[in-house]
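Notes follow once the structure below has been shown.
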Amino acid sequence: DGCTTPDSCWCEIKRYWLVFILAAIIFAAEIVGGIISESLALFADAGHVFTDAVAILVSIIAAHFVRTKRRHEHSVRAVSGIINALLLFVIAVWIGIEGIERIDHPQDIASKTMIIIAVFGTLGNWAQYYVLGTLEEEHVTHKAMRLHILSDLLQSVAVVLGGIAIYLTDKHIIDPVLSVGIALWMAWRAWDL
């Protein structure tokens, strides 16, 4: 509200930093939860959150650069998109390979821990989406970040539902199958980006 001109407004960058902090908290919780529960789906979600965190950092750098040197905006945003897509694709491949290997050898999953951490991740993703909101001057970077966070939110819901299914059926193969699905989703998002 204190911005007098668009060039003096750093609201976009402040929002991105808050979203980054939330991503770091979600990432740490999902890594710890993945280790405790032995859920590949939680690791997959954490991998997606990691790419989000990198994407947010790249977006912060791009937004800062655009604020100071507007004439290079298109190039900066294009390079940040390519970096984010490549990182997302690499993590998707790793998760896909791990998931396929675990389909043959499913591991026991601590489904209650998986559910609790996935619910925490879902709430964190919702908070990120809420913080991003909309900007008066909405551009491709902001729209892409909102869509990315929304896809994370949906992915977290899928992990919660997978954890509930494992808890109810005691079918641990659900975890690697869900992980392969997440990997395919991530690869598709990377290709789309």
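In the structure tokens, the first chain shown is A, the next is B, and so on; residue numbers restart at 1 for each chain, and ligands run from 1 in the order shown.
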Using only C-alpha atoms, I'd like a table of the residues in range 70-122 of chain A that come within 10 Å of range 32-54 of chain A; for each, show the closest atom pair and its distance in Å rounded to one decimal, ordered by chain and ascending number, as a Markdown table.
```
| residue | atom | partner | partner_atom | distance |
| --- | --- | --- | --- | --- |
| A:Ser80 | CA | A:Val54 | CA | 9.8 |
| A:Ile83 | CA | A:Val54 | CA | 9.0 |
| A:Asn84 | CA | A:Thr51 | CA | 6.9 |
| A:Ala85 | CA | A:Thr51 | CA | 8.9 |
| A:Leu86 | CA | A:Thr51 | CA | 9.6 |
| A:Leu87 | CA | A:Thr51 | CA | 6.4 |
| A:Leu88 | CA | A:Thr51 | CA | 5.8 |
| A:Phe89 | CA | A:Thr51 | CA | 9.5 |
| A:Val90 | CA | A:Thr51 | CA | 9.9 |
| A:Ile91 | CA | A:Gly47 | CA | 6.4 |
| A:Ala92 | CA | A:Ala44 | CA | 8.0 |
| A:Trp94 | CA | A:Ala44 | CA | 9.1 |
| A:Ile95 | CA | A:Ala44 | CA | 6.0 |
| A:Gly96 | CA | A:Ala44 | CA | 9.0 |
| A:Glu98 | CA | A:Leu40 | CA | 7.9 |
| A:Gly99 | CA | A:Leu40 | CA | 7.2 |
| A:Arg102 | CA | A:Leu40 | CA | 8.6 |
| A:Gln107 | CA | A:Glu38 | CA | 7.4 |
| A:Asp108 | CA | A:Glu38 | CA | 7.3 |
| A:Ile109 | CA | A:Ser37 | CA | 5.4 |
| A:Ala110 | CA | A:Ser37 | CA | 4.4 |
| A:Ser111 | CA | A:Ser37 | CA | 6.8 |
| A:Lys112 | CA | A:Ser37 | CA | 8.2 |
| A:Thr113 | CA | A:Ser37 | CA | 5.8 |
| A:Met114 | CA | A:Ser37 | CA | 5.9 |
| A:Ile115 | CA | A:Leu42 | CA | 9.4 |
| A:Ile116 | CA | A:Gly33 | CA | 8.6 |
| A:Ile117 | CA | A:Gly33 | CA | 6.0 |
| A:Ala118 | CA | A:Leu42 | CA | 7.1 |
| A:Gly121 | CA | A:Asp45 | CA | 8.6 |
```
Quick one: residues within 12 Å of Met145 in chain A, only C-alpha atoms counted, chain neighbours fewer than 5 positions away excluded, as a PDB file with C-alpha atoms, in the first residue's frame?
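Contents of out_7.pdb, as written:
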```pdb
ATOM      1  CA  GLU A  12       6.051  -8.995  -5.618  1.00  0.00           C
ATOM      2  CA  ARG A  15       5.493 -12.142  -1.437  1.00  0.00           C
ATOM      3  CA  TYR A  16       7.956 -14.426  -3.198  1.00  0.00           C
ATOM      4  CA  VAL A  19       6.366 -18.191  -0.306  1.00  0.00           C
ATOM      5  CA  PHE A  20      10.021 -19.332  -0.387  1.00  0.00           C
ATOM      6  CA  VAL A  49       8.691 -28.532  -3.358  1.00  0.00           C
ATOM      7  CA  THR A  51      12.024 -27.361  -7.450  1.00  0.00           C
ATOM      8  CA  ASP A  52       9.438 -24.819  -6.312  1.00  0.00           C
ATOM      9  CA  ALA A  53      11.948 -23.296  -3.918  1.00  0.00           C
ATOM     10  CA  VAL A  54      14.529 -23.009  -6.685  1.00  0.00           C
ATOM     11  CA  ALA A  55      11.865 -21.618  -9.021  1.00  0.00           C
ATOM     12  CA  ILE A  56      10.918 -19.056  -6.399  1.00  0.00           C
ATOM     13  CA  LEU A  57      14.562 -18.020  -5.949  1.00  0.00           C
ATOM     14  CA  VAL A  58      14.953 -17.696  -9.706  1.00  0.00           C
ATOM     15  CA  SER A  59      11.723 -15.656  -9.791  1.00  0.00           C
ATOM     16  CA  ILE A  60      13.008 -13.395  -7.009  1.00  0.00           C
ATOM     17  CA  ARG A  77      11.903 -14.586 -17.497  1.00  0.00           C
ATOM     18  CA  SER A  80      14.319 -18.630 -15.458  1.00  0.00           C
ATOM     19  CA  GLY A  81      11.605 -20.773 -17.071  1.00  0.00           C
ATOM     20  CA  ASN A  84      12.996 -24.402 -13.635  1.00  0.00           C
ATOM     21  CA  ASN A 125       0.758 -25.201  -0.200  1.00  0.00           C
ATOM     22  CA  GLN A 128       1.594 -20.281  -0.370  1.00  0.00           C
ATOM     23  CA  TYR A 129      -1.222 -19.992  -2.903  1.00  0.00           C
ATOM     24  CA  VAL A 131       0.066 -15.404  -0.113  1.00  0.00           C
ATOM     25  CA  LEU A 132       0.646 -15.207  -3.859  1.00  0.00           C
ATOM     26  CA  GLY A 133      -2.924 -14.066  -4.475  1.00  0.00           C
ATOM     27  CA  THR A 134      -3.070 -11.863  -7.520  1.00  0.00           C
ATOM     28  CA  GLU A 138       0.034  -9.920 -13.168  1.00  0.00           C
ATOM     29  CA  HIS A 139       2.656 -11.270 -15.572  1.00  0.00           C
ATOM     30  CA  VAL A 140       3.783 -14.652 -16.827  1.00  0.00           C
ATOM     31  CA  LEU A 150      -1.642 -25.034  -7.255  1.00  0.00           C
ATOM     32  CA  SER A 151      -0.238 -28.210  -8.828  1.00  0.00           C
ATOM     33  CA  ASP A 152       1.742 -28.829  -5.612  1.00  0.00           C
ATOM     34  CA  LEU A 193       6.989 -25.178 -18.948  1.00  0.00           C
TER      35      LEU A 193
END
```
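Using only C-alpha atoms, the smallest distance between any of A:Ile166, A:Met186, A:Leu18, A:Ala29 and Thr122 in chain A comes from A:Ala29.
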Skip Asp104 in chain A itself and residues of its chain fewer than 6 positions away, then list as a PyMOL selection string all residues within 12 Å of it, counting only C-alpha atoms. chain A and resi 97-98+172-177
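The coordinates place CA of Gly124 in chain A at 6.4 Å from CA of Ile26 in chain A.
Among the candidates A:Val93, A:Leu153, A:Ile100, A:Ala63, the residue lying nearest to Val76 in chain A is A:Ala63 (atoms considered: only C-alpha atoms).
Atom to atom, CA of Phe120 in chain A and CA of Ala28 in chain A stand 11.3 Å apart.
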Counting only C-alpha atoms, figure out which residue out of A:Ile61, A:Val159, A:Ile21, A:Ala144 gets nearest to Gly181 in chain A. A:Val159
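Computed from the coordinates, the CA of Val79 in chain A to CA of Ala190 in chain A distance equals 13.8 Å.
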To test your reading of the structure, identify every residue in chain A that backbone DSSP assigns to alpha helix (DSSP H), and report it as a ChimeraX atom specification. /A:11-37,40-68,73-104,111-132,140-169,174-192
